[in-house]
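Below is one structure, written out as structure tokens, with a few remarks after it.
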Amino acid sequence: MRLRNVCAVLAVAALAQGCAQTQDARVQQDLYQDALQSIAEGRRDDASRELREQIEKEPEHAGAWLDLAMTQCSLGHSDEAERMFATIETRFAPKEMTPGWYEMLRLIAEARENGCNHWHPSSAWSVAAGRGVDQNVNQGALSSMYVTSGPDGVTQHELTSDFLPMHDQYTQLSGDYTRDLSANGAIGFVQYAVRRNDRLHQYDSGAAFAGIDNPWRLGHWGLRGTLTGGLVTLGGSLYQRQVQGQLRIQPPLPLPAGIQFNLLLGGTYNGFLTLNNFNSNVWEERGLLTWRQPSRSASVTLGHLRDRALAQRPGGDRDGWIASATLRQHLVGPLGGELGFTRQDWNSSSAYAPGVIEEVRAQRTRVLRGNLTWLLDKHQSIQLEGRIVRNRENISIFQYNDRQLQLSWQWQGS
């Protein structure tokens with residue numbers, strides 16, 4: 001149904017006539033764009049309300065009539081949809097058939113043929129299986145020597161093998177499932193991932209998360225709220241509980257076509273079951289700028305982070321910044337590529353372990369990743385992904401490098 005509405009917009013464009021750009025006309029155009037955004041986000045109830053308001057303000061807006069008729073049809077309101085189809089056929093019929101008018105008639109005929117069924121939730125799922133190699137499964141220290149400074153000067157300590165990088169191969173399984181919860185765009189989702197190393201099973205990991213996502217609109221502002229909760233395992237034991245809430249805000253900025261800006265506000269509770277005094281709340285404010293074209297897209301984000309310890313955690317509270325950039329590009333035929341870079345900095349507020357490690361921890365992490373995706377058909381793809389991690393800190397025992405390479409197969413369905 002969303003595809004039909006997009007086609008309807010194209011059809012009406014062929015019939016549209018120019019008009020003076022008065023303030024009232026701009027307000028009406030903004031209202032219609034809000035309705036189209038609601039349709040794209042699956043908020044059918046909001047779209048119906050906005051399209052009705054558009055028709056009240058501009059009774060001769062053929063696009064609003066057709067989009068409202070299609071939306072009512074998708075909600076199962078067949079009688080009202082048929083009345084609107086008939087009104088469109090009589091009120092907006094041009095003296096000469098145009099390509100746009102033919103397209104409108106085709107969409108109406110298709111809707112009548114398929115019928116206006118009552119709304120029913122749609123769903124989608126995907127599963128993926130992969131094999132990979134990890135050169136530093138345990139995030140082992142970059143140097144085999146740990147250097148400390150004290151009253152007696154600089155002291156060097158040699159690290160045992162447990163603190164040095166460990167190499168292994170692994171198998172990973174992951175998947176997700178989403179389902180509509182309402183006719184106004186709310187969805188529920190479940191995600192999971194399991195990784196099993198060939199030898200280092202004490203570092204096997206798993207995660208399962210579930211949540212709800214709900215979009216809505218406040219005036220011309222787009223809003224989307226997400227609530228997620230989940231569990232993480234490490235070495236076969238429950239390791240962490242996590243609850244996250246996020247609000248995505250899209251202000252009505254006059255940006256060029258294909259460019260969108262969002263403000264993300266979020267809070268996350270991290271509860272550790274095997275570590276004492278590490279529970280915390282993390283708050284974030286991020287700006288996200290995206291650019292989309294048919295064959296490529298890019299995004300840039302910059303944000304501030306505040307990690308507030310709930311007990312006497314080593315290093316105390318932390319403040320930091322995160323910045324990332326991602327580029328996706330169709331390359332040739334069924335081959336596409338993605339390249340991303342992330343930088344995250346953390347600065348603690350107090351000495352990490354007074355009397356043992358006197359330094360105030362300053363962490364600098366850089367992640368470079370890239371992947372190539374080959375589409376086998378509309379449901380299946382093969383992906384090759386590489387990742388390089390560089391973690392630099394003023395406390396040498398926490399410095400590490402890592403490189404990963406993974407080949408996976410993905411299957412999508414609905």
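By convention in this document, the chains of the structure tokens carry letters A, B, ... by their order, each chain's residues are numbered from 1, and ligands are numbered from 1 in the order they are shown.
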
Can you check which parts of stretch 87-192 of chain A lie within 10 Å of stretch 224-236 of chain A? Per residue, the shortest pair of atoms and distance in Å to one decimal, counting only C-alpha atoms, sorted by chain and number, as a Markdown table.
| residue | atom | partner | partner_atom | distance |
| --- | --- | --- | --- | --- |
| A:Gly185 | CA | A:Arg224 | CA | 9.9 |
| A:Ala186 | CA | A:Arg224 | CA | 9.5 |
| A:Ile187 | CA | A:Thr226 | CA | 9.6 |
| A:Gly188 | CA | A:Thr226 | CA | 9.6 |
| A:Phe189 | CA | A:Thr228 | CA | 9.0 |
| A:Val190 | CA | A:Thr228 | CA | 9.3 |
| A:Gln191 | CA | A:Gly230 | CA | 9.1 |
| A:Tyr192 | CA | A:Gly230 | CA | 9.3 |

Selection: 10 Å around stretch 404-410 of chain A, only C-alpha atoms, excl. self and same-chain fewer than 2 positions, as a PyMOL selection string: chain A and resi 126-137+169-175+369-376+379-389+402+412

Output of the above residues as a PDB file, in the first residue's frame, restricted to C-alpha atoms:
ATOM      1  CA  SER A 126      16.119 -12.294   8.940  1.00  0.00           C
ATOM      2  CA  VAL A 127      18.689 -14.871  10.004  1.00  0.00           C
ATOM      3  CA  ALA A 128      22.431 -14.883   9.408  1.00  0.00           C
ATOM      4  CA  ALA A 129      25.215 -17.421   9.900  1.00  0.00           C
ATOM      5  CA  GLY A 130      28.908 -16.671   9.590  1.00  0.00           C
ATOM      6  CA  ARG A 131      32.466 -17.802  10.154  1.00  0.00           C
ATOM      7  CA  GLY A 132      35.162 -15.427  11.266  1.00  0.00           C
ATOM      8  CA  VAL A 133      38.645 -14.971  12.626  1.00  0.00           C
ATOM      9  CA  ASP A 134      39.530 -12.671  15.540  1.00  0.00           C
ATOM     10  CA  GLN A 135      43.147 -11.798  16.302  1.00  0.00           C
ATOM     11  CA  ASN A 136      42.446 -10.533  19.834  1.00  0.00           C
ATOM     12  CA  VAL A 137      39.425 -12.299  21.320  1.00  0.00           C
ATOM     13  CA  GLN A 169      38.218 -18.513  14.936  1.00  0.00           C
ATOM     14  CA  TYR A 170      34.489 -18.442  15.642  1.00  0.00           C
ATOM     15  CA  THR A 171      30.998 -19.215  14.388  1.00  0.00           C
ATOM     16  CA  GLN A 172      28.260 -16.617  14.718  1.00  0.00           C
ATOM     17  CA  LEU A 173      24.478 -16.876  14.413  1.00  0.00           C
ATOM     18  CA  SER A 174      22.158 -13.860  14.522  1.00  0.00           C
ATOM     19  CA  GLY A 175      18.639 -12.882  13.610  1.00  0.00           C
ATOM     20  CA  ARG A 369      35.065  -1.291   9.278  1.00  0.00           C
ATOM     21  CA  GLY A 370      34.085  -2.182   5.735  1.00  0.00           C
ATOM     22  CA  ASN A 371      31.954  -4.780   4.034  1.00  0.00           C
ATOM     23  CA  LEU A 372      31.006  -6.080   0.603  1.00  0.00           C
ATOM     24  CA  THR A 373      27.517  -7.517   0.069  1.00  0.00           C
ATOM     25  CA  TRP A 374      26.562  -9.738  -2.859  1.00  0.00           C
ATOM     26  CA  LEU A 375      22.808 -10.127  -3.428  1.00  0.00           C
ATOM     27  CA  LEU A 376      21.997 -13.676  -4.511  1.00  0.00           C
ATOM     28  CA  HIS A 379      15.867 -12.899  -0.049  1.00  0.00           C
ATOM     29  CA  GLN A 380      19.510 -13.996   0.233  1.00  0.00           C
ATOM     30  CA  SER A 381      22.901 -12.301   0.336  1.00  0.00           C
ATOM     31  CA  ILE A 382      26.528 -13.036   1.180  1.00  0.00           C
ATOM     32  CA  GLN A 383      28.600 -10.516   3.133  1.00  0.00           C
ATOM     33  CA  LEU A 384      32.324 -10.179   3.749  1.00  0.00           C
ATOM     34  CA  GLU A 385      33.136  -7.806   6.599  1.00  0.00           C
ATOM     35  CA  GLY A 386      36.431  -6.594   8.042  1.00  0.00           C
ATOM     36  CA  ARG A 387      37.022  -4.595  11.216  1.00  0.00           C
ATOM     37  CA  ILE A 388      40.104  -2.901  12.702  1.00  0.00           C
ATOM     38  CA  VAL A 389      40.105  -1.632  16.306  1.00  0.00           C
ATOM     39  CA  ASP A 402      42.248  -6.058  17.153  1.00  0.00           C
ATOM     40  CA  GLN A 412      15.354 -12.369   4.784  1.00  0.00           C
TER      41      GLN A 412
END

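Coordinates place atom CA of A:Leu305 at a distance of 12.5 Å from atom CA of A:Arg343.
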
Every residue of stretch 227-401 of chain A that DSSP places in strand (DSSP E), as a ChimeraX atom specification: /A:227-234,237-250,259-272,280-293,296-309,318-332,335-353,357-375,380-393,400-401

Could you save the residues just selected, with C-alpha atoms, as a CSV table (one decimal), in the first residue's frame?
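That gives us part05.csv:
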chain,number,residue,atom,x,y,z
A,227,LEU,CA,12.3,1.2,24.4
A,228,THR,CA,14.6,-1.8,24.5
A,229,GLY,CA,15.6,-4.4,27.1
A,230,GLY,CA,17.9,-7.4,26.9
A,231,LEU,CA,20.5,-9.7,28.4
A,232,VAL,CA,24.1,-10.5,27.5
A,233,THR,CA,26.0,-13.7,28.3
A,234,LEU,CA,29.8,-14.3,28.5
A,237,SER,CA,27.0,-17.3,32.1
A,238,LEU,CA,24.7,-14.3,32.4
A,239,TYR,CA,26.9,-11.2,32.3
A,240,GLN,CA,24.9,-8.1,31.8
A,241,ARG,CA,21.3,-6.6,31.9
A,242,GLN,CA,20.5,-3.6,29.8
A,243,VAL,CA,17.5,-1.3,29.4
A,244,GLN,CA,17.6,1.6,26.9
A,245,GLY,CA,15.2,4.3,26.0
A,246,GLN,CA,15.7,6.6,23.0
A,247,LEU,CA,13.8,9.6,21.5
A,248,ARG,CA,14.5,10.6,17.9
A,249,ILE,CA,13.5,14.1,17.0
A,250,GLN,CA,13.2,15.4,13.4
A,259,ILE,CA,19.1,15.3,3.4
A,260,GLN,CA,17.6,14.8,6.8
A,261,PHE,CA,18.7,15.8,10.3
A,262,ASN,CA,17.7,14.1,13.6
A,263,LEU,CA,18.5,14.7,17.2
A,264,LEU,CA,18.8,11.6,19.3
A,265,LEU,CA,18.3,11.7,23.1
A,266,GLY,CA,18.8,8.4,25.1
A,267,GLY,CA,19.5,6.8,28.4
A,268,THR,CA,20.8,3.3,29.1
A,269,TYR,CA,21.0,1.3,32.3
A,270,ASN,CA,23.9,-1.2,32.4
A,271,GLY,CA,23.7,-3.8,35.2
A,272,PHE,CA,26.6,-6.3,35.6
A,280,SER,CA,25.9,2.6,35.6
A,281,ASN,CA,23.5,4.9,33.7
A,282,VAL,CA,24.7,6.3,30.4
A,283,TRP,CA,23.1,9.4,28.9
A,284,GLU,CA,23.6,10.6,25.4
A,285,GLU,CA,22.7,13.5,23.1
A,286,ARG,CA,23.6,13.0,19.4
A,287,GLY,CA,23.0,14.8,16.1
A,288,LEU,CA,22.5,12.6,13.1
A,289,LEU,CA,22.8,13.9,9.5
A,290,THR,CA,21.9,11.6,6.6
A,291,TRP,CA,22.1,12.0,2.9
A,292,ARG,CA,20.4,9.6,0.5
A,293,GLN,CA,20.4,9.0,-3.3
A,296,ARG,CA,24.4,5.7,-2.4
A,297,SER,CA,23.8,7.1,1.1
A,298,ALA,CA,25.9,8.6,3.8
A,299,SER,CA,25.5,9.5,7.5
A,300,VAL,CA,27.5,11.5,10.1
A,301,THR,CA,26.8,11.6,13.8
A,302,LEU,CA,28.4,13.5,16.7
A,303,GLY,CA,27.3,13.2,20.3
A,304,HIS,CA,28.1,13.8,23.9
A,305,LEU,CA,28.1,10.9,26.5
A,306,ARG,CA,27.8,10.9,30.3
A,307,ASP,CA,28.4,7.6,32.2
A,308,ARG,CA,27.3,7.9,35.8
A,309,ALA,CA,28.5,5.1,38.1
A,318,ARG,CA,33.0,9.2,32.9
A,319,ASP,CA,32.3,11.9,30.2
A,320,GLY,CA,33.0,11.5,26.6
A,321,TRP,CA,32.3,12.1,22.9
A,322,ILE,CA,31.4,9.9,20.0
A,323,ALA,CA,31.7,10.6,16.3
A,324,SER,CA,31.0,8.4,13.3
A,325,ALA,CA,30.7,8.4,9.5
A,326,THR,CA,29.2,5.8,7.2
A,327,LEU,CA,29.1,5.6,3.4
A,328,ARG,CA,27.1,3.0,1.5
A,329,GLN,CA,27.5,2.6,-2.3
A,330,HIS,CA,26.1,0.4,-5.0
A,331,LEU,CA,29.2,-0.8,-6.8
A,332,VAL,CA,28.3,-3.0,-9.8
A,335,LEU,CA,27.5,-5.9,-5.4
A,336,GLY,CA,27.3,-3.2,-2.8
A,337,GLY,CA,29.8,-1.8,-0.3
A,338,GLU,CA,29.8,0.0,3.0
A,339,LEU,CA,32.7,1.8,4.8
A,340,GLY,CA,32.4,3.2,8.3
A,341,PHE,CA,34.6,4.9,10.9
A,342,THR,CA,33.9,5.5,14.6
A,343,ARG,CA,35.8,7.5,17.2
A,344,GLN,CA,34.9,7.3,20.9
A,345,ASP,CA,36.7,9.1,23.8
A,346,TRP,CA,36.1,8.6,27.5
A,347,ASN,CA,37.6,10.6,30.4
A,348,SER,CA,37.2,9.3,33.9
A,349,SER,CA,36.8,11.7,36.9
A,350,SER,CA,39.2,10.1,39.4
A,351,ALA,CA,42.2,7.7,39.8
A,352,TYR,CA,41.4,4.2,38.5
A,353,ALA,CA,42.6,2.4,41.6
A,357,ILE,CA,46.9,2.6,39.5
A,358,GLU,CA,47.0,6.3,40.3
A,359,GLU,CA,46.3,7.5,36.7
A,360,VAL,CA,42.9,9.0,35.8
A,361,ARG,CA,41.9,6.8,32.9
A,362,ALA,CA,41.6,8.5,29.4
A,363,GLN,CA,40.4,6.1,26.7
A,364,ARG,CA,40.6,6.7,22.9
A,365,THR,CA,39.0,4.0,20.7
A,366,ARG,CA,39.0,4.0,16.9
A,367,VAL,CA,37.1,1.5,14.8
A,368,LEU,CA,37.4,1.2,11.0
A,369,ARG,CA,35.1,-1.3,9.3
A,370,GLY,CA,34.1,-2.2,5.7
A,371,ASN,CA,32.0,-4.8,4.0
A,372,LEU,CA,31.0,-6.1,0.6
A,373,THR,CA,27.5,-7.5,0.1
A,374,TRP,CA,26.6,-9.7,-2.9
A,375,LEU,CA,22.8,-10.1,-3.4
A,380,GLN,CA,19.5,-14.0,0.2
A,381,SER,CA,22.9,-12.3,0.3
A,382,ILE,CA,26.5,-13.0,1.2
A,383,GLN,CA,28.6,-10.5,3.1
A,384,LEU,CA,32.3,-10.2,3.7
A,385,GLU,CA,33.1,-7.8,6.6
A,386,GLY,CA,36.4,-6.6,8.0
A,387,ARG,CA,37.0,-4.6,11.2
A,388,ILE,CA,40.1,-2.9,12.7
A,389,VAL,CA,40.1,-1.6,16.3
A,390,ARG,CA,42.7,0.6,17.9
A,391,ASN,CA,42.3,1.3,21.6
A,392,ARG,CA,44.8,3.8,23.0
A,393,GLU,CA,44.8,4.8,26.7
A,400,TYR,CA,45.0,-3.1,22.6
A,401,ASN,CA,44.7,-3.7,18.9

Stretch 31-37 of chain A surroundings by only C-alpha atoms, 8 Å radius, close-in-sequence under 4 positions cut, as a list in words: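 Result of the neighbour search: Val27, Glu41, Asp46, Ala47, Ser48, Glu50, Leu51, Gln54, Ala64 and His220 of chain A.
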
Which of stretch 1-246 of chain A fall in alpha helix (DSSP H), as a ChimeraX atom specification: /A:2-13,23-40,44-57,62-74,78-91,99-114
